>>> print(open('data_1.pdb').read())   # PDB, C-alpha atoms
ATOM      1  CA  MET H 664       0.000   0.000   0.000
ATOM      2  CA  LEU H 665       2.815   2.444   0.775
ATOM      3  CA  ILE H 666       4.134   1.918  -2.744
ATOM      4  CA  ARG H 667       0.922   3.434  -4.109
ATOM      5  CA  ILE H 668       1.150   6.600  -2.035
ATOM      6  CA  ALA H 669       4.917   7.107  -2.221
ATOM      7  CA  PRO H 670       5.659  10.128  -4.413
ATOM      8  CA  LYS H 671       7.579   9.682  -7.675
ATOM      9  CA  THR H 672       8.990  13.227  -7.509
ATOM     10  CA  PHE H 673       9.415  15.853  -4.814
ATOM     11  CA  LEU H 674       6.776  18.596  -5.070
ATOM     12  CA  CYS H 675       5.868  17.220  -8.543
ATOM     13  CA  ARG H 676       9.043  18.750  -9.954
ATOM     14  CA  TYR H 677      12.313  17.769  -8.273
ATOM     15  CA  PRO H 678      14.038  14.381  -7.968
ATOM     16  CA  LEU H 679      13.417  12.375  -4.823
ATOM     17  CA  SER H 680      17.071  12.655  -3.792
ATOM     18  CA  THR H 681      16.637  16.433  -3.574
ATOM     19  CA  GLY H 682      13.428  15.908  -1.614
ATOM     20  CA  ALA H 683      15.156  13.540   0.803
ATOM     21  CA  ILE H 684      17.949  16.068   1.436
ATOM     22  CA  TYR H 685      15.385  18.856   1.863
ATOM     23  CA  SER H 686      13.318  16.698   4.237
ATOM     24  CA  ALA H 687      16.355  15.892   6.348
ATOM     25  CA  THR H 688      17.362  19.570   6.442
ATOM     26  CA  VAL H 689      13.904  20.676   7.598
ATOM     27  CA  LEU H 690      13.822  17.940  10.236
ATOM     28  CA  ILE H 691      17.306  18.952  11.424
ATOM     29  CA  CYS H 692      16.037  22.517  11.868
ATOM     30  CA  VAL H 693      12.973  21.273  13.767
ATOM     31  CA  SER H 694      15.183  19.099  15.981
ATOM     32  CA  VAL H 695      17.543  21.981  16.775
ATOM     33  CA  VAL H 696      14.623  24.243  17.727
ATOM     34  CA  CYS H 697      13.160  21.481  19.932
ATOM     35  CA  ILE H 698      16.530  20.875  21.598
ATOM     36  CA  LEU H 699      16.950  24.577  22.349
ATOM     37  CA  ALA H 700      13.403  24.836  23.723
ATOM     38  CA  LEU H 701      13.792  21.733  25.884
ATOM     39  CA  ILE H 702      17.192  22.785  27.219
ATOM     40  CA  THR H 703      15.739  26.191  28.111
ATOM     41  CA  GLN H 704      12.851  24.464  29.853
ATOM     42  CA  VAL H 705      15.200  22.180  31.795
ATOM     43  CA  ILE H 706      17.349  25.131  32.899
ATOM     44  CA  LEU H 707      14.310  27.134  33.982
ATOM     45  CA  MET H 708      12.815  24.154  35.824
ATOM     46  CA  ASN H 709      16.120  23.472  37.565
ATOM     47  CA  ASN H 710      16.199  27.019  38.925
ATOM     48  CA  ASP H 711      12.595  26.868  40.144
ATOM     49  CA  ASN H 712      11.994  26.614  43.878
ATOM     50  CA  CYS H 713       9.041  24.234  43.283
ATOM     51  CA  SER H 714      11.321  21.572  41.830
ATOM     52  CA  SER H 715      11.203  19.506  45.002
ATOM     53  CA  ARG H 716       7.566  18.579  44.389
ATOM     54  CA  PHE H 717       6.813  15.242  42.745
ATOM     55  CA  VAL H 718       5.041  16.762  39.713
ATOM     56  CA  TRP H 719       7.979  19.060  38.978
ATOM     57  CA  ARG H 720      10.476  16.190  39.291
ATOM     58  CA  ASN H 721       8.441  14.187  36.762
ATOM     59  CA  ALA H 722       8.215  17.117  34.358
ATOM     60  CA  TYR H 723      11.948  17.742  34.787
ATOM     61  CA  SER H 724      12.812  14.105  34.018
ATOM     62  CA  PHE H 725      10.497  14.050  31.002
ATOM     63  CA  SER H 726      12.167  17.218  29.703
ATOM     64  CA  ILE H 727      15.634  15.689  30.064
ATOM     65  CA  THR H 728      14.393  12.547  28.302
ATOM     66  CA  GLY H 729      12.991  14.770  25.549
ATOM     67  CA  VAL H 730      16.382  16.430  25.069
ATOM     68  CA  ILE H 731      18.119  13.060  24.760
ATOM     69  CA  TYR H 732      15.455  11.700  22.403
ATOM     70  CA  THR H 733      15.612  14.792  20.197
ATOM     71  CA  VAL H 734      19.415  14.647  20.032
ATOM     72  CA  VAL H 735      19.132  11.035  18.847
ATOM     73  CA  MET H 736      16.638  12.115  16.172
ATOM     74  CA  LEU H 737      18.991  14.948  15.137
ATOM     75  CA  VAL H 738      21.760  12.402  14.609
ATOM     76  CA  MET H 739      19.332  10.242  12.613
ATOM     77  CA  HIS H 740      18.514  13.152  10.282
ATOM     78  CA  ILE H 741      22.207  13.919   9.757
ATOM     79  CA  TRP H 742      22.737  10.213   9.060
ATOM     80  CA  LEU H 743      19.979  10.400   6.434
ATOM     81  CA  ILE H 744      21.817  13.146   4.554
ATOM     82  CA  TRP H 745      24.915  10.943   4.478
ATOM     83  CA  GLY H 746      22.833   7.944   3.354
ATOM     84  CA  VAL H 747      21.233   9.912   0.513
ATOM     85  CA  LYS H 748      24.564  11.260  -0.722
ATOM     86  CA  GLU H 749      26.151   7.781  -0.590
ATOM     87  CA  LYS H 750      22.962   6.091  -1.889
ATOM     88  CA  LYS H 751      22.851   3.655   1.031
ATOM     89  CA  ALA H 752      19.461   1.943   0.877
ATOM     90  CA  SER H 753      19.853   0.301   4.305
ATOM     91  CA  VAL H 754      20.496   3.683   5.973
ATOM     92  CA  ILE H 755      17.481   5.204   4.262
ATOM     93  CA  LEU H 756      15.216   2.305   5.233
ATOM     94  CA  SER H 757      16.439   2.446   8.852
ATOM     95  CA  TRP H 758      15.766   6.180   8.956
ATOM     96  CA  PHE H 759      12.308   5.617   7.466
ATOM     97  CA  VAL H 760      11.324   3.039  10.093
ATOM     98  CA  ILE H 761      12.618   5.041  13.055
ATOM     99  CA  THR H 762      11.171   8.329  11.816
ATOM    100  CA  ALA H 763       7.818   6.719  11.022
ATOM    101  CA  MET H 764       7.688   5.518  14.639
ATOM    102  CA  TRP H 765       8.600   9.029  15.834
ATOM    103  CA  LEU H 766       5.881  10.498  13.622
ATOM    104  CA  SER H 767       3.247   8.106  14.962
ATOM    105  CA  GLN H 768       4.277   8.969  18.537
ATOM    106  CA  THR H 769       3.982  12.649  17.690
ATOM    107  CA  PHE H 770       0.505  12.126  16.223
ATOM    108  CA  PHE H 771      -0.777  10.265  19.272
ATOM    109  CA  LEU H 772       0.840  12.784  21.614
ATOM    110  CA  LEU H 773      -0.970  15.542  19.711
ATOM    111  CA  ILE H 774      -4.305  13.765  20.153
ATOM    112  CA  ILE H 775      -3.689  13.086  23.853
ATOM    113  CA  LEU H 776      -2.613  16.660  24.625
ATOM    114  CA  ILE H 777      -5.547  18.112  22.675
ATOM    115  CA  CYS H 778      -7.914  15.919  24.707
ATOM    116  CA  ILE H 779      -6.259  16.788  28.031
ATOM    117  CA  TYR H 780      -6.310  20.540  27.451
ATOM    118  CA  SER H 781      -9.688  20.687  25.697
ATOM    119  CA  THR H 782     -11.446  21.932  28.831
ATOM    120  CA  ASP H 783      -8.748  24.457  29.740
ATOM    121  CA  VAL H 784      -8.760  26.503  26.533
ATOM    122  CA  ASN H 785     -11.239  28.342  24.345
ATOM    123  CA  PHE H 786     -12.991  26.109  21.794
ATOM    124  CA  VAL H 787     -11.720  28.178  18.850
ATOM    125  CA  ALA H 788      -8.142  27.912  20.126
ATOM    126  CA  TRP H 789      -8.627  24.173  20.610
ATOM    127  CA  VAL H 790      -9.912  23.674  17.041
ATOM    128  CA  LEU H 791      -7.184  25.904  15.610
ATOM    129  CA  SER H 792      -4.485  23.993  17.508
ATOM    130  CA  PHE H 793      -5.905  20.691  16.321
ATOM    131  CA  ILE H 794      -6.055  21.802  12.678
ATOM    132  CA  LEU H 795      -2.541  23.288  12.711
ATOM    133  CA  GLY H 796      -1.243  20.144  14.415
ATOM    134  CA  LEU H 797      -2.797  17.949  11.736
ATOM    135  CA  ILE H 798      -1.307  20.152   8.993
ATOM    136  CA  ALA H 799       2.137  19.835  10.609
ATOM    137  CA  ILE H 800       1.743  16.046  10.885
ATOM    138  CA  GLY H 801       0.653  15.958   7.219
ATOM    139  CA  ILE H 802       3.747  17.868   6.098
ATOM    140  CA  LEU H 803       6.023  15.615   8.141
ATOM    141  CA  THR H 804       4.249  12.549   6.714
ATOM    142  CA  TYR H 805       4.924  13.844   3.198
ATOM    143  CA  PHE H 806       8.618  14.246   4.041
ATOM    144  CA  VAL H 807       8.771  10.673   5.343
ATOM    145  CA  LEU H 808       6.987   9.402   2.218
ATOM    146  CA  VAL H 809       9.442  11.278  -0.028
ATOM    147  CA  VAL H 810      12.331   9.468   1.661
ATOM    148  CA  TYR H 811      10.452   6.178   1.304
ATOM    149  CA  GLY H 812       9.923   6.918  -2.402
ATOM    150  CA  PHE H 813      13.658   7.567  -2.739
ATOM    151  CA  TRP H 814      14.364   4.222  -1.076
ATOM    152  CA  LEU H 815      12.028   2.510  -3.556
ATOM    153  CA  GLU H 816      13.846   4.286  -6.385
ATOM    154  CA  LEU H 817      17.213   3.031  -5.098
ATOM    155  CA  LYS H 818      15.908  -0.532  -4.746
ATOM    156  CA  THR H 819      14.544  -0.452  -8.317
ATOM    157  CA  GLU H 820      17.875   0.821  -9.669
ATOM    158  CA  GLU H 821      19.730  -1.890  -7.739
ATOM    159  CA  ARG H 822      17.374  -4.584  -9.035
ATOM    160  CA  ASN H 823      17.819  -3.356 -12.623
ATOM    161  CA  ARG H 824      21.625  -3.367 -12.240
ATOM    162  CA  ASN H 825      21.525  -6.924 -10.887
ATOM    163  CA  LEU H 826      19.336  -8.069 -13.788
ATOM    164  CA  ALA H 827      21.650  -6.396 -16.299
ATOM    165  CA  ALA H 828      24.674  -8.061 -14.670
ATOM    166  CA  GLN H 829      22.960 -11.456 -14.831
ATOM    167  CA  ASN H 830      22.119 -10.948 -18.516
ATOM    168  CA  ASN H 831      25.742 -10.005 -19.255
ATOM    169  CA  ASP H 832      26.966 -13.149 -17.527
ATOM    170  CA  LEU H 833      24.783 -15.327 -19.737
TER     171      LEU H 833
END
>>> encode(input="data_1.pdb", output="structure tokens")
Amino acid sequence: MLIRIAPKTFLCRYPLSTGAIYSATVLICVSVVCILALITQVILMNNDNCSSRFVWRNAYSFSITGVIYTVVMLVMHIWLIWGVKEKKASVILSWFVITAMWLSQTFFLLIILICIYSTDVNFVAWVLSFILGLIAIGILTYFVLVVYGFWLELKTEERNRNLAAQNNDL
């Protein structure tokens, strides 16, 4: 099924290799912004006098975990750029699987947070947040599908080279 929805070109104009590099670059920028925001949050929480309470300790530990997780994702996106330039299909497939899991976690986290905060915010703000969150998830899904399409392109090229080599040996 993913083969049917994987794009053949990036933005209907550029090759998938360009799209994969662009996707990785955008995701690197997103990761850097998240790392900076989480580090700022950890520093501010560490200086807070309420940090001895159980809730604050949990939030503090989740923020530190978020920093570590985002650094790992940053390394994954840098690894993708290397994999695209070297045309390493195994690197691209590994990135696809890990990033698809990250994207699904992000989607479910969006749904959970929207449900938790639905009573605390204005309905219009809630709907607007939900719509903008879904648009962001859609854009990230497109980036992941572009990389998957590039992986399919690499696998097809490899299969064609193997068939040509077999025909030459006969």
>>> closest_atom_pairs(input="data_1.pdb", of="region 699-760 of chain H", to="region 812-822 of chain H", cutoff="9 Å", atoms="all atoms listed in the file", output="tab-separated table")
residue	atom	partner	partner_atom	distance
H:Val747	CA	H:Phe813	CA	8.6
H:Lys750	CA	H:Leu817	CA	7.3
H:Lys751	CA	H:Leu817	CA	8.4
H:Ala752	CA	H:Trp814	CA	5.9
H:Ser753	CA	H:Trp814	CA	8.6
H:Ile755	CA	H:Trp814	CA	6.3
H:Leu756	CA	H:Trp814	CA	6.6
H:Phe759	CA	H:Trp814	CA	8.9
>>> write_last_selection(input="data_1.pdb", atoms="C-alpha atoms", output="CSV table (one decimal), in the coordinates of the input")
chain,number,residue,atom,x,y,z
H,747,VAL,CA,21.2,9.9,0.5
H,750,LYS,CA,23.0,6.1,-1.9
H,751,LYS,CA,22.9,3.7,1.0
H,752,ALA,CA,19.5,1.9,0.9
H,753,SER,CA,19.9,0.3,4.3
H,755,ILE,CA,17.5,5.2,4.3
H,756,LEU,CA,15.2,2.3,5.2
H,759,PHE,CA,12.3,5.6,7.5
>>> atom_distance(input="data_1.pdb", atom1="CA of Glu749 (chain H)", atom2="CA of Thr688 (chain H)")
16.3 Å
>>> residues_around(input="data_1.pdb", residues="region 718-725 of chain H", least_positions_apart="5", cutoff="9 Å", atoms="only C-alpha atoms", output="list in words")
Gln704, Val705, Met708, Asn709, Cys713 and Val730 of chain H
>>> closest_residue(input="data_1.pdb", among="H:Ser767, H:Val693, H:Ser686, H:Ile727", to="Phe673 (chain H)", atoms="only C-alpha atoms")
H:Ser686
>>> axis_aligned_box(input="data_1.pdb", around="region 753-760 of chain H", padding_each_side="8 Å", output="JSON")
{"center_x": 15.9, "center_y": 3.2, "center_z": 7.2, "size_x": 25.2, "size_y": 21.9, "size_z": 21.8}
>>> residues_around(input="data_1.pdb", residues="Val790 (chain H)", least_positions_apart="6", cutoff="10 Å", atoms="all atoms listed in the file", output="list in words")
Ile777, Ser781, Val784 and Gly796 of chain H
>>> atom_distance(input="data_1.pdb", atom1="CA of Val735 (chain H)", atom2="CA of Val809 (chain H)")
21.2 Å
>>> atom_distance(input="data_1.pdb", atom1="CA of Thr703 (chain H)", atom2="CA of Ile744 (chain H)")
27.6 Å
>>> closest_residue(input="data_1.pdb", among="H:Ile668, H:Leu803, H:Cys778, H:Val738", to="Trp765 (chain H)", atoms="only C-alpha atoms")
H:Leu803
>>> closest_residue(input="data_1.pdb", among="H:Ile698, H:Val689, H:Ile798, H:Leu826", to="Tyr732 (chain H)", atoms="only C-alpha atoms")
H:Ile698
>>> decode(input="data_1.pdb", residues="region 757-793 of chain H", atoms="N, CA, C and O atoms", output="short mmCIF file (atom, residue, chain, number, x, y, z; two decimals), in the first residue's frame")
data_model
loop_
_atom_site.label_atom_id
_atom_site.label_comp_id
_atom_site.auth_asym_id
_atom_site.auth_seq_id
_atom_site.Cartn_x
_atom_site.Cartn_y
_atom_site.Cartn_z
N SER H 757 16.37 2.33 7.39
CA SER H 757 16.44 2.45 8.85
C SER H 757 15.89 3.79 9.31
O SER H 757 15.11 3.86 10.27
N TRP H 758 16.28 4.86 8.62
CA TRP H 758 15.77 6.18 8.96
C TRP H 758 14.25 6.21 8.80
O TRP H 758 13.55 6.77 9.65
N PHE H 759 13.76 5.63 7.72
CA PHE H 759 12.31 5.62 7.47
C PHE H 759 11.55 4.94 8.61
O PHE H 759 10.55 5.47 9.10
N VAL H 760 12.02 3.78 9.04
CA VAL H 760 11.32 3.04 10.09
C VAL H 760 11.34 3.82 11.41
O VAL H 760 10.30 4.00 12.06
N ILE H 761 12.51 4.32 11.78
CA ILE H 761 12.62 5.04 13.06
C ILE H 761 11.82 6.34 13.02
O ILE H 761 11.11 6.69 13.97
N THR H 762 11.90 7.07 11.92
CA THR H 762 11.17 8.33 11.82
C THR H 762 9.67 8.11 11.70
O THR H 762 8.88 8.90 12.21
N ALA H 763 9.25 7.03 11.07
CA ALA H 763 7.82 6.72 11.02
C ALA H 763 7.29 6.43 12.43
O ALA H 763 6.18 6.86 12.78
N MET H 764 8.09 5.75 13.24
CA MET H 764 7.69 5.52 14.64
C MET H 764 7.62 6.84 15.40
O MET H 764 6.67 7.08 16.17
N TRP H 765 8.60 7.71 15.19
CA TRP H 765 8.60 9.03 15.83
C TRP H 765 7.37 9.83 15.41
O TRP H 765 6.73 10.48 16.24
N LEU H 766 7.03 9.76 14.13
CA LEU H 766 5.88 10.50 13.62
C LEU H 766 4.58 9.97 14.22
O LEU H 766 3.69 10.75 14.58
N SER H 767 4.46 8.66 14.35
CA SER H 767 3.25 8.11 14.96
C SER H 767 3.16 8.49 16.44
O SER H 767 2.07 8.80 16.93
N GLN H 768 4.29 8.51 17.14
CA GLN H 768 4.28 8.97 18.54
C GLN H 768 3.84 10.43 18.63
O GLN H 768 3.06 10.80 19.51
N THR H 769 4.34 11.23 17.71
CA THR H 769 3.98 12.65 17.69
C THR H 769 2.49 12.82 17.44
O THR H 769 1.83 13.65 18.08
N PHE H 770 1.94 12.04 16.52
CA PHE H 770 0.51 12.13 16.22
C PHE H 770 -0.32 11.78 17.45
O PHE H 770 -1.25 12.50 17.82
N PHE H 771 0.00 10.67 18.10
CA PHE H 771 -0.78 10.27 19.27
C PHE H 771 -0.58 11.22 20.45
O PHE H 771 -1.51 11.48 21.20
N LEU H 772 0.62 11.78 20.58
CA LEU H 772 0.84 12.78 21.61
C LEU H 772 -0.01 14.03 21.35
O LEU H 772 -0.58 14.61 22.28
N LEU H 773 -0.11 14.41 20.08
CA LEU H 773 -0.97 15.54 19.71
C LEU H 773 -2.41 15.28 20.12
O LEU H 773 -3.05 16.13 20.75
N ILE H 774 -2.92 14.11 19.81
CA ILE H 774 -4.30 13.77 20.15
C ILE H 774 -4.50 13.77 21.67
O ILE H 774 -5.47 14.33 22.19
N ILE H 775 -3.56 13.16 22.40
CA ILE H 775 -3.69 13.09 23.85
C ILE H 775 -3.65 14.48 24.48
O ILE H 775 -4.48 14.81 25.34
N LEU H 776 -2.71 15.32 24.05
CA LEU H 776 -2.61 16.66 24.63
C LEU H 776 -3.83 17.52 24.27
O LEU H 776 -4.30 18.29 25.11
N ILE H 777 -4.33 17.37 23.05
CA ILE H 777 -5.55 18.11 22.68
C ILE H 777 -6.71 17.69 23.57
O ILE H 777 -7.49 18.53 24.03
N CYS H 778 -6.83 16.39 23.84
CA CYS H 778 -7.91 15.92 24.71
C CYS H 778 -7.74 16.39 26.15
O CYS H 778 -8.70 16.79 26.81
N ILE H 779 -6.50 16.37 26.64
CA ILE H 779 -6.26 16.79 28.03
C ILE H 779 -6.58 18.26 28.23
O ILE H 779 -7.20 18.65 29.22
N TYR H 780 -6.15 19.10 27.29
CA TYR H 780 -6.31 20.54 27.45
C TYR H 780 -7.59 21.09 26.83
O TYR H 780 -7.78 22.29 26.79
N SER H 781 -8.47 20.22 26.36
CA SER H 781 -9.69 20.69 25.70
C SER H 781 -10.59 21.50 26.62
O SER H 781 -11.27 22.42 26.18
N THR H 782 -10.59 21.19 27.90
CA THR H 782 -11.45 21.93 28.83
C THR H 782 -10.79 23.20 29.36
O THR H 782 -11.47 24.07 29.90
N ASP H 783 -9.47 23.31 29.18
CA ASP H 783 -8.75 24.46 29.74
C ASP H 783 -8.64 25.64 28.78
O ASP H 783 -8.22 26.71 29.19
N VAL H 784 -8.95 25.43 27.52
CA VAL H 784 -8.76 26.50 26.53
C VAL H 784 -10.08 26.80 25.82
O VAL H 784 -11.02 26.01 25.86
N ASN H 785 -10.10 27.93 25.15
CA ASN H 785 -11.24 28.34 24.35
C ASN H 785 -11.45 27.33 23.21
O ASN H 785 -10.50 26.78 22.66
N PHE H 786 -12.69 27.09 22.84
CA PHE H 786 -12.99 26.11 21.79
C PHE H 786 -12.33 26.47 20.47
O PHE H 786 -11.81 25.60 19.77
N VAL H 787 -12.33 27.75 20.12
CA VAL H 787 -11.72 28.18 18.85
C VAL H 787 -10.22 27.90 18.87
O VAL H 787 -9.65 27.41 17.90
N ALA H 788 -9.58 28.19 20.00
CA ALA H 788 -8.14 27.91 20.13
C ALA H 788 -7.88 26.42 20.05
O ALA H 788 -6.90 25.97 19.45
N TRP H 789 -8.76 25.63 20.64
CA TRP H 789 -8.63 24.17 20.61
C TRP H 789 -8.72 23.66 19.18
O TRP H 789 -7.89 22.86 18.74
N VAL H 790 -9.74 24.11 18.44
CA VAL H 790 -9.91 23.67 17.04
C VAL H 790 -8.74 24.14 16.18
O VAL H 790 -8.21 23.38 15.36
N LEU H 791 -8.31 25.37 16.38
CA LEU H 791 -7.18 25.90 15.61
C LEU H 791 -5.91 25.11 15.90
O LEU H 791 -5.16 24.77 14.97
N SER H 792 -5.66 24.80 17.15
CA SER H 792 -4.48 23.99 17.51
C SER H 792 -4.55 22.61 16.87
O SER H 792 -3.56 22.10 16.37
N PHE H 793 -5.73 22.02 16.90
CA PHE H 793 -5.91 20.69 16.32
C PHE H 793 -5.66 20.72 14.81
O PHE H 793 -4.95 19.87 14.28
#
